[in-house]
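start-v2.cif, holding mmCIF, C-alpha atoms:
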```
data_my_file
loop_
_atom_site.label_atom_id
_atom_site.label_comp_id
_atom_site.auth_asym_id
_atom_site.auth_seq_id
_atom_site.Cartn_x
_atom_site.Cartn_y
_atom_site.Cartn_z
CA MET A 1 363.11 166.42 1.61
CA ASN A 2 359.47 167.43 1.65
CA GLY A 3 359.14 168.45 5.27
CA PRO A 4 356.86 167.55 8.18
CA VAL A 5 353.57 168.61 6.62
CA ALA A 6 353.99 166.36 3.59
CA GLU A 7 355.15 163.53 5.85
CA ALA A 8 352.08 163.96 8.06
CA LEU A 9 349.86 163.57 4.99
CA ALA A 10 351.21 160.10 4.17
CA ALA A 11 347.74 158.56 4.52
CA ASN A 12 346.15 161.12 2.22
CA PRO A 13 348.00 161.02 -1.11
CA ASP A 14 345.66 163.51 -2.78
CA LEU A 15 346.38 166.28 -0.26
CA ARG A 16 350.00 165.28 0.02
CA THR A 17 350.52 165.56 -3.73
CA GLY A 18 348.70 168.88 -3.80
CA PHE A 19 350.87 170.25 -1.01
CA GLU A 20 354.08 169.03 -2.62
CA GLU A 21 353.08 170.65 -5.93
CA PHE A 22 352.36 173.95 -4.21
CA ARG A 23 355.61 173.86 -2.28
CA LYS A 24 357.60 172.94 -5.39
CA ALA A 25 356.00 175.75 -7.42
CA ALA A 26 356.95 178.29 -4.76
CA HIS A 27 360.50 177.01 -4.41
CA GLU A 28 361.08 176.90 -8.17
CA ALA A 29 359.75 180.44 -8.57
CA LEU A 30 362.23 181.79 -6.05
CA GLY A 31 365.08 179.58 -7.16
CA GLU A 32 366.75 176.67 -5.40
CA GLU A 33 369.67 178.62 -3.96
CA LEU A 34 367.72 181.54 -2.50
CA THR A 35 364.99 179.20 -1.25
CA ALA A 36 367.59 177.25 0.73
CA GLN A 37 368.99 180.49 2.16
CA VAL A 38 365.55 181.78 3.18
CA ARG A 39 364.56 178.44 4.72
CA HIS A 40 367.84 178.29 6.61
CA ALA A 41 367.34 181.82 7.97
CA VAL A 42 363.76 181.14 9.08
CA ALA A 43 364.68 177.79 10.63
CA GLY A 44 367.49 179.46 12.55
CA VAL A 45 365.00 181.79 14.24
CA HIS A 46 363.05 178.71 15.35
CA GLY A 47 366.21 177.03 16.64
CA ILE A 48 366.12 174.37 13.94
CA ASP A 49 369.39 173.42 12.27
CA LEU A 50 369.32 173.00 8.52
CA PRO A 51 372.36 172.26 6.36
CA PRO A 52 374.22 175.49 5.59
CA PRO A 53 373.15 176.80 2.17
CA VAL A 54 375.54 177.67 -0.60
CA GLY A 55 375.99 181.13 -2.04
CA THR A 56 375.45 184.60 -0.66
CA ALA A 57 371.92 185.86 -0.16
CA PRO A 58 370.83 189.46 -0.73
CA PRO A 59 371.20 191.04 2.75
CA ALA A 60 367.87 192.86 2.98
CA THR A 61 366.05 189.71 1.89
CA LEU A 62 367.64 187.56 4.57
CA ALA A 63 367.05 190.17 7.29
CA TYR A 64 363.40 190.35 6.23
CA ALA A 65 363.05 186.56 6.26
CA ARG A 66 364.27 186.44 9.86
CA ARG A 67 361.42 188.81 10.85
CA ILE A 68 358.69 186.54 9.47
CA PRO A 69 358.38 184.06 12.39
CA PHE A 70 357.69 186.49 15.23
CA GLU A 71 357.62 190.04 13.83
CA HIS A 72 355.58 189.85 10.66
CA THR A 73 353.33 192.77 11.63
CA ALA A 74 356.31 195.01 12.43
CA ILE A 75 358.00 194.85 9.03
CA THR A 76 358.09 198.35 7.57
CA ASP A 77 357.35 199.58 4.06
CA GLU A 78 361.02 200.54 3.80
CA GLU A 79 362.19 197.02 4.61
CA ALA A 80 359.80 195.61 2.03
CA ALA A 81 360.93 198.14 -0.57
CA ALA A 82 364.55 197.10 0.01
CA VAL A 83 363.65 193.47 -0.74
CA VAL A 84 361.68 194.46 -3.83
CA ALA A 85 364.76 196.39 -4.97
CA GLU A 86 366.91 193.29 -4.49
CA LEU A 87 364.54 190.75 -6.03
CA GLY A 88 362.07 192.60 -8.23
CA GLU A 89 358.30 192.35 -7.77
CA GLU A 90 357.77 188.90 -9.22
CA ARG A 91 360.38 187.24 -7.02
CA PHE A 92 359.24 189.27 -4.01
CA VAL A 93 355.86 187.56 -4.34
CA ALA A 94 357.55 184.15 -4.51
CA PHE A 95 359.79 185.09 -1.58
CA SER A 96 356.79 186.11 0.53
CA VAL A 97 355.18 182.71 -0.03
CA VAL A 98 358.39 180.73 0.51
CA ALA A 99 359.28 182.55 3.73
CA ALA A 100 355.77 182.23 5.18
CA LEU A 101 355.61 178.57 4.20
CA ALA A 102 359.03 177.91 5.74
CA ASP A 103 357.83 179.45 9.00
CA ALA A 104 354.71 177.28 9.02
CA GLU A 105 356.72 174.12 8.29
CA CYS A 106 359.10 174.90 11.14
CA ARG A 107 356.11 175.29 13.43
CA ALA A 108 354.73 171.96 12.23
CA GLU A 109 358.03 170.37 13.17
CA LYS A 110 358.18 172.08 16.57
CA VAL A 111 354.72 170.85 17.48
CA GLY A 112 355.50 167.30 16.33
CA LEU A 113 352.90 167.11 13.58
CA THR A 114 354.40 164.05 11.92
CA GLY A 115 354.25 162.00 15.14
CA LEU A 116 350.73 163.16 15.97
CA SER A 117 349.55 162.06 12.53
CA ALA A 118 351.12 158.62 12.61
CA MET B 1 351.27 196.83 9.76
CA SER B 2 350.89 198.40 6.33
CA THR B 3 347.64 198.60 4.41
CA ILE B 4 349.48 200.05 1.40
CA PRO B 5 350.24 197.35 -1.17
CA ARG B 6 353.96 196.67 -1.44
CA VAL B 7 353.52 194.94 -4.80
CA SER B 8 351.55 196.06 -7.82
CA SER B 9 348.70 194.15 -9.41
CA ALA B 10 349.70 191.84 -12.24
CA ILE B 11 346.24 192.11 -13.78
CA ALA B 12 345.58 195.23 -15.83
CA GLY B 13 342.73 197.33 -14.48
CA GLU B 14 342.53 195.53 -11.13
CA PRO B 15 343.77 196.91 -7.82
CA ALA B 16 346.37 195.02 -5.85
CA HIS B 17 344.74 192.24 -3.89
CA PHE B 18 345.81 188.68 -3.12
CA GLY B 19 344.66 187.25 -6.45
CA SER B 20 345.99 190.03 -8.64
CA VAL B 21 349.35 190.11 -6.86
CA LEU B 22 349.74 186.33 -6.86
CA ALA B 23 349.15 186.53 -10.62
CA HIS B 24 352.81 187.60 -10.82
CA GLN B 25 353.46 183.92 -10.11
CA PRO B 26 350.82 181.92 -12.03
CA ALA B 27 352.31 178.52 -11.19
CA ILE B 28 352.13 179.27 -7.46
CA ALA B 29 348.61 180.66 -7.82
CA ALA B 30 347.40 177.59 -9.73
CA ALA B 31 348.97 175.13 -7.29
CA PHE B 32 347.58 177.00 -4.29
CA THR B 33 344.07 177.16 -5.77
CA ARG B 34 344.13 173.41 -6.52
CA LEU B 35 345.38 172.56 -3.04
CA TYR B 36 343.03 174.91 -1.17
CA GLY B 37 340.07 173.50 -3.10
CA ARG B 38 341.06 169.92 -2.32
CA PHE B 39 341.63 170.80 1.33
CA TRP B 40 338.20 172.39 1.80
CA GLY B 41 336.57 169.72 -0.37
CA SER B 42 337.86 166.92 1.84
CA ASP B 43 335.50 165.85 4.59
CA VAL B 44 338.08 164.01 6.69
CA LEU B 45 337.90 166.99 9.03
CA SER B 46 334.64 168.93 9.08
CA ALA B 47 334.48 172.39 7.54
CA ARG B 48 333.31 173.69 10.90
CA LEU B 49 336.47 172.52 12.68
CA LYS B 50 338.63 173.88 9.84
CA GLU B 51 336.89 177.24 10.09
CA VAL B 52 337.32 177.32 13.86
CA ALA B 53 341.08 176.91 13.35
CA ARG B 54 341.11 179.48 10.53
CA MET B 55 339.31 182.04 12.68
CA ARG B 56 341.76 181.50 15.51
CA ASN B 57 344.70 181.94 13.14
CA ALA B 58 343.14 185.16 11.82
CA ARG B 59 342.95 186.60 15.31
CA VAL B 60 346.40 185.57 16.47
CA THR B 61 348.19 186.69 13.28
CA GLU B 62 346.09 189.87 13.11
CA CYS B 63 344.98 189.15 9.55
CA GLY B 64 342.02 191.48 9.04
CA PHE B 65 341.14 190.02 5.65
CA CYS B 66 341.06 186.47 7.05
CA ARG B 67 339.10 187.62 10.09
CA ASN B 68 336.30 189.11 8.02
CA VAL B 69 335.84 186.26 5.57
CA ARG B 70 333.44 183.41 6.35
CA PHE B 71 333.12 180.24 4.29
CA ASP B 72 329.54 179.14 3.73
CA LYS B 73 330.10 175.43 4.33
CA ALA B 74 330.99 176.06 7.98
CA LEU B 75 328.01 178.37 8.36
CA GLY B 76 325.85 175.52 7.11
CA GLN B 77 327.35 173.35 9.84
CA GLY B 78 326.19 175.78 12.51
CA LEU B 79 329.22 178.00 13.03
CA GLY B 80 327.37 181.22 13.72
CA GLU B 81 328.79 184.52 14.91
CA ASP B 82 327.92 183.77 18.52
CA VAL B 83 330.33 180.82 18.39
CA VAL B 84 332.96 182.73 16.41
CA ASP B 85 332.87 185.49 19.03
CA ASP B 86 334.08 182.95 21.59
CA ILE B 87 337.18 182.09 19.53
CA ASP B 88 339.11 184.63 21.51
CA TRP B 89 341.29 184.68 24.60
CA GLY B 90 339.49 182.67 27.25
CA TYR B 91 337.86 180.27 24.77
CA GLU B 92 338.55 177.47 27.24
CA THR B 93 335.58 178.59 29.35
CA SER B 94 333.13 179.01 26.45
CA ASP B 95 329.89 177.08 26.72
CA ARG B 96 329.22 177.48 22.98
CA LEU B 97 332.38 175.75 21.75
CA THR B 98 332.46 171.97 21.92
CA ASP B 99 335.25 170.05 23.63
CA ALA B 100 336.54 168.98 20.21
CA GLU B 101 336.66 172.62 19.10
CA LYS B 102 338.53 173.60 22.25
CA ALA B 103 341.06 170.84 21.59
CA VAL B 104 341.50 172.11 18.03
CA LEU B 105 341.94 175.66 19.30
CA LYS B 106 344.61 174.61 21.80
CA PHE B 107 346.49 172.78 19.07
CA THR B 108 346.11 175.81 16.81
CA ASP B 109 347.64 178.04 19.46
CA ALA B 110 350.51 175.60 19.92
CA PHE B 111 351.10 175.45 16.18
CA ILE B 112 350.93 179.13 15.31
CA HIS B 113 352.06 180.67 18.60
CA ASP B 114 353.90 178.51 21.13
CA PRO B 115 354.56 174.75 20.89
CA GLU B 116 354.85 174.59 24.69
CA LEU B 117 351.08 175.01 24.83
CA LEU B 118 350.71 171.43 23.60
CA THR B 119 350.94 169.96 27.08
CA GLY B 120 350.31 166.31 27.80
CA ASP B 121 346.65 167.06 28.59
CA ALA B 122 346.24 169.13 25.41
CA GLU B 123 347.77 166.39 23.27
CA ALA B 124 345.58 163.75 24.93
CA ALA B 125 342.47 165.86 24.27
CA LEU B 126 343.45 166.35 20.64
CA LYS B 127 343.95 162.60 20.15
CA ARG B 128 340.69 161.85 21.94
CA HIS B 129 338.69 163.98 19.53
CA LEU B 130 340.64 163.68 16.27
CA SER B 131 342.05 160.70 14.37
CA PRO B 132 345.64 160.83 13.09
CA GLU B 133 344.34 161.54 9.58
CA GLN B 134 342.22 164.42 10.89
CA ILE B 135 345.21 165.85 12.76
CA ALA B 136 347.24 165.69 9.53
CA GLU B 137 344.52 167.57 7.68
CA LEU B 138 344.31 170.14 10.47
CA GLY B 139 348.10 170.54 10.25
CA LEU B 140 347.87 171.20 6.53
CA GLY B 141 345.12 173.74 7.12
CA LEU B 142 347.11 175.57 9.77
CA THR B 143 350.13 175.61 7.48
CA LEU B 144 348.08 177.21 4.70
CA PHE B 145 346.15 179.60 6.96
CA LEU B 146 349.32 180.83 8.62
CA ALA B 147 351.32 181.16 5.41
CA LEU B 148 348.48 182.92 3.62
CA ALA B 149 347.94 185.37 6.49
CA LYS B 150 351.61 186.25 6.78
CA ALA B 151 352.04 186.58 3.03
CA LEU B 152 349.01 188.89 2.87
CA ILE B 153 350.25 191.04 5.72
CA THR B 154 353.86 191.28 4.59
CA MET B 155 352.86 192.16 1.02
CA GLY B 156 350.77 195.03 2.40
CA LEU B 157 347.48 193.54 1.22
CA GLU B 158 345.50 194.04 4.39
CA PRO B 159 342.31 196.06 3.83
CA GLU B 160 341.92 199.35 5.66
CA VAL B 161 338.27 198.52 6.27
CA MET B 162 336.32 195.43 5.35
CA ASP B 163 332.82 194.24 6.08
CA ARG B 164 332.18 190.66 7.07
CA THR B 165 331.94 188.71 3.83
CA VAL B 166 330.51 185.24 3.29
CA LEU B 167 332.23 183.46 0.41
CA PRO B 168 331.56 180.13 -1.28
CA THR B 169 333.84 177.54 0.26
CA PRO B 170 336.80 176.75 -2.02
CA ALA B 171 336.12 173.53 -3.91
CA PRO B 172 338.26 171.10 -5.90
CA THR B 173 338.95 172.42 -9.40
CA GLU B 174 339.31 168.91 -10.77
CA PRO B 175 337.88 165.52 -9.89
CA VAL B 176 339.58 164.07 -6.82
CA GLN B 177 341.44 160.91 -7.81
#
```
Exercise: express the given structure as structure tokens:
Amino acid sequence: MNGPVAEALAANPDLRTGFEEFRKAAHEALGEELTAQVRHAVAGVHGIDLPPPVGTAPPATLAYARRIPFEHTAITDEEAAAVVAELGEERFVAFSVVAALADAECRAEKVGLTGLSA
Amino acid sequence: MSTIPRVSSAIAGEPAHFGSVLAHQPAIAAAFTRLYGRFWGSDVLSARLKEVARMRNARVTECGFCRNVRFDKALGQGLGEDVVDDIDWGYETSDRLTDAEKAVLKFTDAFIHDPELLTGDAEAALKRHLSPEQIAELGLGLTLFLALAKALITMGLEPEVMDRTVLPTPAPTEPVQ
């Protein structure tokens, strides 16, 4: 599943391919399992049901992900440090991109981007 | 909101900024650069309308870096500071913004803030001024602007102070197929 933004770009294969490559690079960098957990957590904040992910996510990481949609400016240095401790710096960078992208894709769905672009 | 980087630079000798931090993940950086260049290089939606949406996103997300950057292509299409100043609360009554820009701004607010703002009138205005392909491109732009702003902020990469900076508009790094 490539989400509402990729679907909306059906008439523009160049941008669609570029977006799918970006999204795939971010998801692969974080790892399939944790990506699914982060996306599920972010979607839950938006009231969007995604299939329940497998595995157990690092707790600080999931709590942080849930703050991205509506509280991104209120996240503290301590909360960020806890995620870095769980993931390491390299995966924290991937996590930051994946979580922010998940939030944006949920918003695209909520506003009905696919239908507006058809 | 922290202005202290929460991640170190991955490039020796460089301070932590978006590029040097994203260098921890070169595949993401390369894919983003390719996509952002293609997005700005496409003329399906004008650079001016893209920049109007980007400026609105910068204000709503409180991204200081985004707010102080200007892309030269939009400047060349007449998006001066007098117009940018009106991309604020109350933009609906601006006499500098066009009706198409106001429709884009309303959709931007619905996308990044509250989907309920896309009322029947707002959706009709958007469809009156933009084709479905333009709306798709705007949606991609908003996705990237929002994700970039939130990633910058949450990684502590907001500048303490920053002057307004005009940058070359990102361009495709490879021939568009």
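Using all atoms listed in the file, the shortest contact distance between Gly76 (chain B) and any of B:Ala47, B:Ala30, B:Leu138, B:Leu97 is found at B:Ala47.
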Proximal residues of chain B relative to chain A (all atoms listed in the file; 9 Å) as JSON, numbers by chain: {"B": [1, 2, 4, 6, 7, 8, 21, 22, 24, 25, 27, 28, 29, 30, 31, 32, 34, 35, 36, 38, 39, 42, 61, 62, 107, 110, 111, 112, 113, 114, 115, 116, 118, 123, 127, 131, 132, 133, 134, 135, 136, 137, 139, 140, 142, 143, 144, 146, 147, 148, 149, 150, 151, 152, 153, 154, 155, 156, 176, 177]}
Quick one: write out the picked residues with C-alpha atoms as a PDB file, in the coordinates of the input?
```pdb
ATOM      1  CA  MET B   1     351.270 196.830   9.760  1.00  0.00           C
ATOM      2  CA  SER B   2     350.890 198.400   6.330  1.00  0.00           C
ATOM      3  CA  ILE B   4     349.480 200.050   1.400  1.00  0.00           C
ATOM      4  CA  ARG B   6     353.960 196.670  -1.440  1.00  0.00           C
ATOM      5  CA  VAL B   7     353.520 194.940  -4.800  1.00  0.00           C
ATOM      6  CA  SER B   8     351.550 196.060  -7.820  1.00  0.00           C
ATOM      7  CA  VAL B  21     349.350 190.110  -6.860  1.00  0.00           C
ATOM      8  CA  LEU B  22     349.740 186.330  -6.860  1.00  0.00           C
ATOM      9  CA  HIS B  24     352.810 187.600 -10.820  1.00  0.00           C
ATOM     10  CA  GLN B  25     353.460 183.920 -10.110  1.00  0.00           C
ATOM     11  CA  ALA B  27     352.310 178.520 -11.190  1.00  0.00           C
ATOM     12  CA  ILE B  28     352.130 179.270  -7.460  1.00  0.00           C
ATOM     13  CA  ALA B  29     348.610 180.660  -7.820  1.00  0.00           C
ATOM     14  CA  ALA B  30     347.400 177.590  -9.730  1.00  0.00           C
ATOM     15  CA  ALA B  31     348.970 175.130  -7.290  1.00  0.00           C
ATOM     16  CA  PHE B  32     347.580 177.000  -4.290  1.00  0.00           C
ATOM     17  CA  ARG B  34     344.130 173.410  -6.520  1.00  0.00           C
ATOM     18  CA  LEU B  35     345.380 172.560  -3.040  1.00  0.00           C
ATOM     19  CA  TYR B  36     343.030 174.910  -1.170  1.00  0.00           C
ATOM     20  CA  ARG B  38     341.060 169.920  -2.320  1.00  0.00           C
ATOM     21  CA  PHE B  39     341.630 170.800   1.330  1.00  0.00           C
ATOM     22  CA  SER B  42     337.860 166.920   1.840  1.00  0.00           C
ATOM     23  CA  THR B  61     348.190 186.690  13.280  1.00  0.00           C
ATOM     24  CA  GLU B  62     346.090 189.870  13.110  1.00  0.00           C
ATOM     25  CA  PHE B 107     346.490 172.780  19.070  1.00  0.00           C
ATOM     26  CA  ALA B 110     350.510 175.600  19.920  1.00  0.00           C
ATOM     27  CA  PHE B 111     351.100 175.450  16.180  1.00  0.00           C
ATOM     28  CA  ILE B 112     350.930 179.130  15.310  1.00  0.00           C
ATOM     29  CA  HIS B 113     352.060 180.670  18.600  1.00  0.00           C
ATOM     30  CA  ASP B 114     353.900 178.510  21.130  1.00  0.00           C
ATOM     31  CA  PRO B 115     354.560 174.750  20.890  1.00  0.00           C
ATOM     32  CA  GLU B 116     354.850 174.590  24.690  1.00  0.00           C
ATOM     33  CA  LEU B 118     350.710 171.430  23.600  1.00  0.00           C
ATOM     34  CA  GLU B 123     347.770 166.390  23.270  1.00  0.00           C
ATOM     35  CA  LYS B 127     343.950 162.600  20.150  1.00  0.00           C
ATOM     36  CA  SER B 131     342.050 160.700  14.370  1.00  0.00           C
ATOM     37  CA  PRO B 132     345.640 160.830  13.090  1.00  0.00           C
ATOM     38  CA  GLU B 133     344.340 161.540   9.580  1.00  0.00           C
ATOM     39  CA  GLN B 134     342.220 164.420  10.890  1.00  0.00           C
ATOM     40  CA  ILE B 135     345.210 165.850  12.760  1.00  0.00           C
ATOM     41  CA  ALA B 136     347.240 165.690   9.530  1.00  0.00           C
ATOM     42  CA  GLU B 137     344.520 167.570   7.680  1.00  0.00           C
ATOM     43  CA  GLY B 139     348.100 170.540  10.250  1.00  0.00           C
ATOM     44  CA  LEU B 140     347.870 171.200   6.530  1.00  0.00           C
ATOM     45  CA  LEU B 142     347.110 175.570   9.770  1.00  0.00           C
ATOM     46  CA  THR B 143     350.130 175.610   7.480  1.00  0.00           C
ATOM     47  CA  LEU B 144     348.080 177.210   4.700  1.00  0.00           C
ATOM     48  CA  LEU B 146     349.320 180.830   8.620  1.00  0.00           C
ATOM     49  CA  ALA B 147     351.320 181.160   5.410  1.00  0.00           C
ATOM     50  CA  LEU B 148     348.480 182.920   3.620  1.00  0.00           C
ATOM     51  CA  ALA B 149     347.940 185.370   6.490  1.00  0.00           C
ATOM     52  CA  LYS B 150     351.610 186.250   6.780  1.00  0.00           C
ATOM     53  CA  ALA B 151     352.040 186.580   3.030  1.00  0.00           C
ATOM     54  CA  LEU B 152     349.010 188.890   2.870  1.00  0.00           C
ATOM     55  CA  ILE B 153     350.250 191.040   5.720  1.00  0.00           C
ATOM     56  CA  THR B 154     353.860 191.280   4.590  1.00  0.00           C
ATOM     57  CA  MET B 155     352.860 192.160   1.020  1.00  0.00           C
ATOM     58  CA  GLY B 156     350.770 195.030   2.400  1.00  0.00           C
ATOM     59  CA  VAL B 176     339.580 164.070  -6.820  1.00  0.00           C
ATOM     60  CA  GLN B 177     341.440 160.910  -7.810  1.00  0.00           C
TER      61      GLN B 177
END
```
Atom-to-atom span, CA of Arg54 (chain B) and CA of Arg164 (chain B), Å: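 The value is 14.7 Å.
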d(CA of Cys63 (chain B), CA of Glu158 (chain B)) in Å: 7.1 Å
Computed interatomic separation between CA of Gly64 (chain B) and CA of Val38 (chain A) (Å): 26.1 Å
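Distance check against His129 (chain B) using all atoms listed in the file: of B:Ala10, B:Ala53, B:Ala16, B:Ala103, the minimum falls on B:Ala103.
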At a cut-off of 10 Å, using all atoms listed in the file, what residues contact region 79-86 of chain B? Leave out same-chain residues fewer than 6 positions from it and give the result as a PyMOL selection string. chain B and resi 47-49+51-52+55-56+70-73+92-98
Go ahead and write the selection's residues with C-alpha atoms as a compact mmCIF listing (two decimals), keeping the file's coordinate frame.
```txt
# COMPACT_ATOMS: atom_id res chain seq x y z
CA ALA B 47 334.48 172.39 7.54
CA ARG B 48 333.31 173.69 10.90
CA LEU B 49 336.47 172.52 12.68
CA GLU B 51 336.89 177.24 10.09
CA VAL B 52 337.32 177.32 13.86
CA MET B 55 339.31 182.04 12.68
CA ARG B 56 341.76 181.50 15.51
CA ARG B 70 333.44 183.41 6.35
CA PHE B 71 333.12 180.24 4.29
CA ASP B 72 329.54 179.14 3.73
CA LYS B 73 330.10 175.43 4.33
CA GLU B 92 338.55 177.47 27.24
CA THR B 93 335.58 178.59 29.35
CA SER B 94 333.13 179.01 26.45
CA ASP B 95 329.89 177.08 26.72
CA ARG B 96 329.22 177.48 22.98
CA LEU B 97 332.38 175.75 21.75
CA THR B 98 332.46 171.97 21.92
```
